[in-house]
file input12.txt (compact mmCIF, C-alpha atoms)
# COMPACT_ATOMS: atom_id res chain seq x y z
CA MET A 30 -50.77 26.06 -55.80
CA ASN A 31 -52.40 24.02 -53.02
CA LYS A 32 -54.42 20.84 -53.63
CA GLU A 33 -57.76 22.60 -53.25
CA ASP A 34 -56.81 25.21 -55.86
CA GLU A 35 -55.64 22.45 -58.21
CA LYS A 36 -59.04 20.76 -57.85
CA LEU A 37 -60.75 24.08 -58.45
CA LEU A 38 -58.73 24.73 -61.60
CA GLN A 39 -59.63 21.25 -62.87
CA TYR A 40 -63.29 22.00 -62.14
CA TYR A 41 -63.18 25.20 -64.22
CA LEU A 42 -61.40 23.41 -67.09
CA GLU A 43 -63.97 20.61 -67.14
CA LEU A 44 -66.82 23.13 -67.49
CA LYS A 45 -65.36 24.10 -70.88
CA GLY A 46 -63.98 20.66 -71.74
CA PRO A 47 -65.20 18.35 -74.53
CA ASN A 48 -67.70 16.51 -72.32
CA ALA A 49 -69.54 19.55 -70.95
CA GLY A 50 -68.37 22.64 -72.85
CA GLU A 51 -70.66 22.33 -75.86
CA TRP A 52 -73.80 21.99 -73.71
CA ASN A 53 -72.74 24.63 -71.16
CA SER A 54 -72.19 27.14 -73.99
CA SER A 55 -75.32 26.23 -75.97
CA PRO A 56 -78.33 28.51 -76.48
CA GLN A 57 -80.52 25.77 -74.94
CA CYS A 58 -78.50 25.73 -71.71
CA LEU A 59 -78.27 29.51 -71.47
CA HIS A 60 -82.01 29.86 -72.17
CA THR A 61 -82.83 27.34 -69.43
CA GLN A 62 -80.63 29.20 -66.93
CA LEU A 63 -82.12 32.57 -67.86
CA VAL A 64 -85.72 31.39 -67.63
CA THR A 65 -85.21 29.53 -64.36
CA ARG A 66 -83.50 32.48 -62.68
CA ASP A 67 -86.12 34.90 -63.98
CA TYR A 68 -88.88 32.57 -62.75
CA VAL A 69 -87.66 32.44 -59.14
CA LYS A 70 -87.11 36.19 -59.10
CA LYS A 71 -90.60 37.00 -60.41
CA THR A 72 -92.57 34.23 -58.69
CA PHE A 73 -91.28 34.20 -55.11
CA ASP A 74 -91.02 36.96 -52.51
CA ILE A 75 -87.98 37.42 -50.31
CA PHE A 76 -88.47 38.30 -46.65
CA ASP A 77 -86.18 38.60 -43.64
CA GLU A 78 -84.91 35.27 -42.30
CA ILE A 79 -86.26 33.33 -45.29
CA GLN A 80 -84.79 29.83 -45.49
CA VAL A 81 -84.23 28.28 -48.93
CA CYS A 82 -82.91 24.83 -49.82
CA ASN A 83 -81.70 23.50 -53.15
CA VAL A 84 -81.58 19.76 -53.78
CA GLY A 85 -78.78 18.69 -56.14
CA ILE A 86 -75.83 21.07 -56.50
CA GLY A 87 -74.43 20.02 -59.87
CA THR A 88 -72.13 22.80 -61.08
CA GLY A 89 -73.37 25.08 -58.28
CA ASP A 90 -74.40 27.91 -60.63
CA TRP A 91 -78.03 27.75 -59.49
CA ASP A 92 -76.99 27.75 -55.83
CA ASP A 93 -74.70 30.74 -56.50
CA TYR A 94 -77.62 32.61 -58.04
CA LEU A 95 -79.98 31.77 -55.16
CA GLY A 96 -77.41 33.15 -52.71
CA TYR A 97 -77.21 36.42 -54.65
CA TRP A 98 -81.02 36.54 -55.02
CA LEU A 99 -81.45 36.32 -51.25
CA LYS A 100 -79.25 39.42 -50.83
CA GLY A 101 -78.24 38.39 -47.32
CA ARG A 102 -81.84 38.48 -46.04
CA GLY A 103 -82.01 34.72 -45.60
CA GLY A 104 -80.07 31.50 -45.60
CA LEU A 105 -79.44 28.94 -48.31
CA THR A 106 -78.80 25.24 -47.75
CA SER A 107 -77.56 23.03 -50.60
CA ILE A 108 -77.93 19.25 -50.48
CA ASP A 109 -76.04 16.76 -52.65
CA ILE A 110 -75.04 13.13 -52.16
CA ASP A 111 -71.76 13.48 -54.09
CA GLU A 112 -68.92 14.26 -51.70
CA SER A 113 -66.58 15.67 -54.38
CA ILE A 114 -69.31 17.99 -55.70
CA CYS A 115 -70.01 19.25 -52.17
CA GLU A 116 -66.32 19.81 -51.40
CA ILE A 117 -65.49 21.70 -54.59
CA PHE A 118 -68.66 23.80 -54.38
CA GLU A 119 -68.05 24.78 -50.76
CA TYR A 120 -64.39 25.58 -51.46
CA ARG A 121 -65.20 27.51 -54.65
CA GLN A 122 -67.74 29.73 -52.88
CA GLN A 123 -65.20 30.41 -50.13
CA ARG A 124 -62.38 31.10 -52.64
CA GLU A 125 -64.59 33.38 -54.75
CA GLN A 126 -65.84 35.12 -51.59
CA HIS A 127 -69.52 34.62 -52.33
CA PRO A 128 -71.33 37.23 -50.20
CA ASN A 129 -74.09 34.81 -49.10
CA PRO A 130 -72.55 31.32 -49.27
CA SER A 131 -74.55 28.16 -48.98
CA LYS A 132 -74.58 25.79 -46.03
CA VAL A 133 -73.65 22.50 -47.70
CA LEU A 134 -75.11 19.18 -46.56
CA CYS A 135 -73.46 16.15 -48.16
CA ARG A 136 -76.40 13.78 -47.81
CA SER A 137 -78.98 11.87 -49.79
CA ILE A 138 -82.35 13.58 -50.12
CA PHE A 139 -83.70 10.33 -48.66
CA ASP A 140 -81.76 10.66 -45.38
CA SER A 141 -84.17 10.79 -42.44
CA ASP A 142 -81.97 13.17 -40.43
CA LEU A 143 -82.35 16.11 -42.83
CA PRO A 144 -84.03 19.16 -41.24
CA GLN A 145 -87.78 18.60 -41.32
CA GLU A 146 -90.18 21.49 -42.13
CA ALA A 147 -87.27 23.94 -41.94
CA PHE A 148 -87.50 25.74 -45.29
CA ASP A 149 -89.81 28.31 -46.84
CA ILE A 150 -88.77 27.31 -50.36
CA VAL A 151 -87.15 24.14 -51.69
CA THR A 152 -85.92 24.06 -55.28
CA LEU A 153 -85.49 20.90 -57.34
CA ILE A 154 -84.33 21.62 -60.87
CA GLY A 155 -82.90 19.92 -63.95
CA SER A 156 -81.97 16.26 -63.80
CA ALA A 157 -81.83 16.06 -59.99
CA ILE A 158 -85.11 14.15 -59.65
CA ASN A 159 -84.12 11.59 -62.30
CA GLU A 160 -80.75 11.02 -60.66
CA THR A 161 -82.42 9.96 -57.39
CA GLY A 162 -84.09 7.05 -59.19
CA ASP A 163 -87.45 7.45 -57.42
CA PHE A 164 -89.78 10.25 -58.56
CA LYS A 165 -92.42 9.95 -55.82
CA LYS A 166 -90.00 9.31 -52.96
CA CYS A 167 -87.87 12.28 -54.04
CA LEU A 168 -90.86 14.64 -54.06
CA ASP A 169 -92.06 13.23 -50.70
CA SER A 170 -88.61 13.93 -49.25
CA CYS A 171 -88.54 17.47 -50.66
CA PHE A 172 -91.95 18.26 -49.20
CA SER A 173 -90.87 16.95 -45.80
CA LEU A 174 -88.25 19.74 -45.75
CA ILE A 175 -90.81 22.48 -46.40
CA LYS A 176 -92.66 24.43 -43.72
CA HIS A 177 -96.46 24.37 -43.83
CA GLY A 178 -97.46 27.05 -46.33
CA GLY A 179 -94.05 26.95 -48.01
CA TYR A 180 -93.28 26.11 -51.62
CA LEU A 181 -91.48 23.68 -53.88
CA MET A 182 -90.09 25.11 -57.10
CA PHE A 183 -89.82 22.16 -59.45
CA MET A 184 -88.19 22.40 -62.89
CA ALA A 185 -87.65 19.38 -65.14
CA SER A 186 -87.14 18.31 -68.73
CA LEU A 187 -90.36 17.22 -70.42
CA LYS A 188 -88.45 14.41 -72.16
CA TYR A 189 -87.71 12.67 -68.87
CA THR A 190 -90.42 14.02 -66.59
CA PRO A 191 -93.79 14.63 -68.28
CA VAL A 192 -96.03 17.20 -66.60
CA GLU A 193 -98.61 14.44 -66.18
CA MET A 194 -96.28 12.63 -63.74
CA LEU A 195 -96.29 15.68 -61.49
CA GLU A 196 -100.04 16.21 -61.81
CA GLU A 197 -100.74 12.58 -60.93
CA TYR A 198 -98.45 12.81 -57.89
CA ILE A 199 -100.08 16.05 -56.68
CA SER A 200 -103.60 14.62 -57.14
CA ASN A 201 -102.82 12.12 -54.36
CA THR A 202 -101.61 14.77 -51.89
CA LYS A 203 -102.87 17.87 -50.10
CA TYR A 204 -100.40 20.02 -52.04
CA HIS A 205 -101.49 22.53 -54.66
CA ILE A 206 -99.89 23.56 -57.98
CA VAL A 207 -100.05 27.35 -57.85
CA GLN A 208 -98.37 27.93 -61.20
CA LYS A 209 -97.08 25.74 -64.01
CA THR A 210 -95.41 26.99 -67.19
CA VAL A 211 -94.14 24.95 -70.13
CA TYR A 212 -91.19 26.25 -72.18
CA GLU A 213 -90.73 24.88 -75.69
CA VAL A 214 -88.60 27.54 -77.35
CA PHE A 215 -85.98 24.87 -78.07
CA LEU A 216 -87.77 21.68 -79.08
CA GLU A 217 -84.68 19.59 -78.34
CA TYR A 218 -84.89 20.69 -74.67
CA PRO A 219 -88.48 21.44 -73.66
CA PHE A 220 -89.02 21.88 -69.92
CA PHE A 221 -91.52 23.08 -67.37
CA ILE A 222 -91.35 24.96 -64.09
CA SER A 223 -93.96 24.75 -61.37
CA LYS A 224 -94.65 26.44 -58.04
CA ILE A 225 -96.26 24.03 -55.61
CA ARG A 226 -97.66 25.02 -52.20
CA LYS A 227 -97.48 22.70 -49.22
call {"tool": "encode", "arguments": {"input": "input12.txt", "output": "structure tokens"}}
result
Amino acid sequence: MNKEDEKLLQYYLELKGPNAGEWNSSPQCLHTQLVTRDYVKKTFDIFDEIQVCNVGIGTGDWDDYLGYWLKGRGGLTSIDIDESICEIFEYRQQREQHPNPSKVLCRSIFDSDLPQEAFDIVTLIGSAINETGDFKKCLDSCFSLIKHGGYLMFMASLKYTPVEMLEEYISNTKYHIVQKTVYEVFLEYPFFISKIRK
């Protein structure tokens, strides 16, 4: 087994390990994944040459799904600041022969050399916005990636990111919340998803 495959095996084992396995197998996690995937499928249209970007790779499951959702009609770019996450994600997609793999950019969302106004849709989900440490600056950076008339799909936990924070931010911009839905099926993990037009 080569070093990359050893890293990949370790990655798979950690997904089911004591630190992550309980959450990754929980009804709350599975519900969040189901709702988020269903939301993007029902809320956004795919067209030829569509360009989509996801900010924050994490386990890469969301990026995998976006690649499948695009069905080869467009490109996906995934951005993450963590070099090890980027490497294992890129290698895993190659090893698993993902039919529409992501172009991986190992950068901070705050880097000024990211492609400006290049994407029709940018997604920012889960804890990604909290991990950047700057709510407003993170959203500003995401919107700078979006073409005029494009969209940000923003999903976050209500415990860490109240809807009011988003509404206050949007009220000081020219952007428009097209749709916003709150999900409170599991009270221990309430979240919301919004579609915001630039």
call {"tool": "residues_around", "arguments": {"input": "input12.txt", "residues": "A:Phe215", "least_positions_apart": "5", "cutoff": "12 Å", "atoms": "only C-alpha atoms", "output": "mmCIF file with C-alpha atoms, keeping the file's coordinate frame"}}
result
data_model
loop_
_atom_site.group_PDB
_atom_site.id
_atom_site.type_symbol
_atom_site.label_atom_id
_atom_site.label_comp_id
_atom_site.auth_asym_id
_atom_site.auth_seq_id
_atom_site.Cartn_x
_atom_site.Cartn_y
_atom_site.Cartn_z
ATOM 1 C CA SER A 55 -75.320 26.230 -75.970
ATOM 2 C CA PRO A 56 -78.330 28.510 -76.480
ATOM 3 C CA GLN A 57 -80.520 25.770 -74.940
ATOM 4 C CA CYS A 58 -78.500 25.730 -71.710
ATOM 5 C CA LEU A 59 -78.270 29.510 -71.470
ATOM 6 C CA HIS A 60 -82.010 29.860 -72.170
ATOM 7 C CA THR A 61 -82.830 27.340 -69.430
ATOM 8 C CA SER A 186 -87.140 18.310 -68.730
ATOM 9 C CA LEU A 187 -90.360 17.220 -70.420
ATOM 10 C CA PHE A 220 -89.020 21.880 -69.920
#
call {"tool": "atom_distance", "arguments": {"input": "input12.txt", "atom1": "atom CA of A:Ser173", "atom2": "atom CA of A:Leu153"}}
result
13.3 Å
call {"tool": "closest_residue", "arguments": {"input": "input12.txt", "among": "A:Ser137, A:Ile154, A:Leu37, A:Glu196", "to": "A:Gln62", "atoms": "only C-alpha atoms"}}
result
A:Ile154
call {"tool": "closest_residue", "arguments": {"input": "input12.txt", "among": "A:Ser54, A:Ser141, A:Thr65, A:Gln39", "to": "A:Phe183", "atoms": "only C-alpha atoms"}}
result
A:Thr65
call {"tool": "atom_distance", "arguments": {"input": "input12.txt", "atom1": "atom CA of A:Phe164", "atom2": "atom CA of A:Val192"}}
result
12.3 Å
call {"tool": "residues_around", "arguments": {"input": "input12.txt", "residues": "A:Ile199", "least_positions_apart": "3", "cutoff": "12 Å", "atoms": "all atoms listed in the file", "output": "PyMOL selection string"}}
result
chain A and resi 164-165+168-169+172+181+192-196+202-207+223-227
call {"tool": "atom_distance", "arguments": {"input": "input12.txt", "atom1": "atom CA of A:Val133", "atom2": "atom CA of A:Glu43"}}
result
21.8 Å
call {"tool": "closest_residue", "arguments": {"input": "input12.txt", "among": "A:Lys176, A:Gln208, A:Ile117, A:Asn31", "to": "A:Lys71", "atoms": "all atoms listed in the file"}}
result
A:Gln208
call {"tool": "residues_around", "arguments": {"input": "input12.txt", "residues": "A:Ser131", "least_positions_apart": "3", "cutoff": "7 Å", "atoms": "all atoms listed in the file", "output": "VMD selection string"}}
result
chain A and resid 96 105 to 107
call {"tool": "residues_around", "arguments": {"input": "input12.txt", "residues": "A:Glu116", "least_positions_apart": "3", "cutoff": "12 Å", "atoms": "only C-alpha atoms", "output": "ChimeraX atom specification"}}
result
/A:33-34,36-37,40,86-89,107-113,119-123,131-135
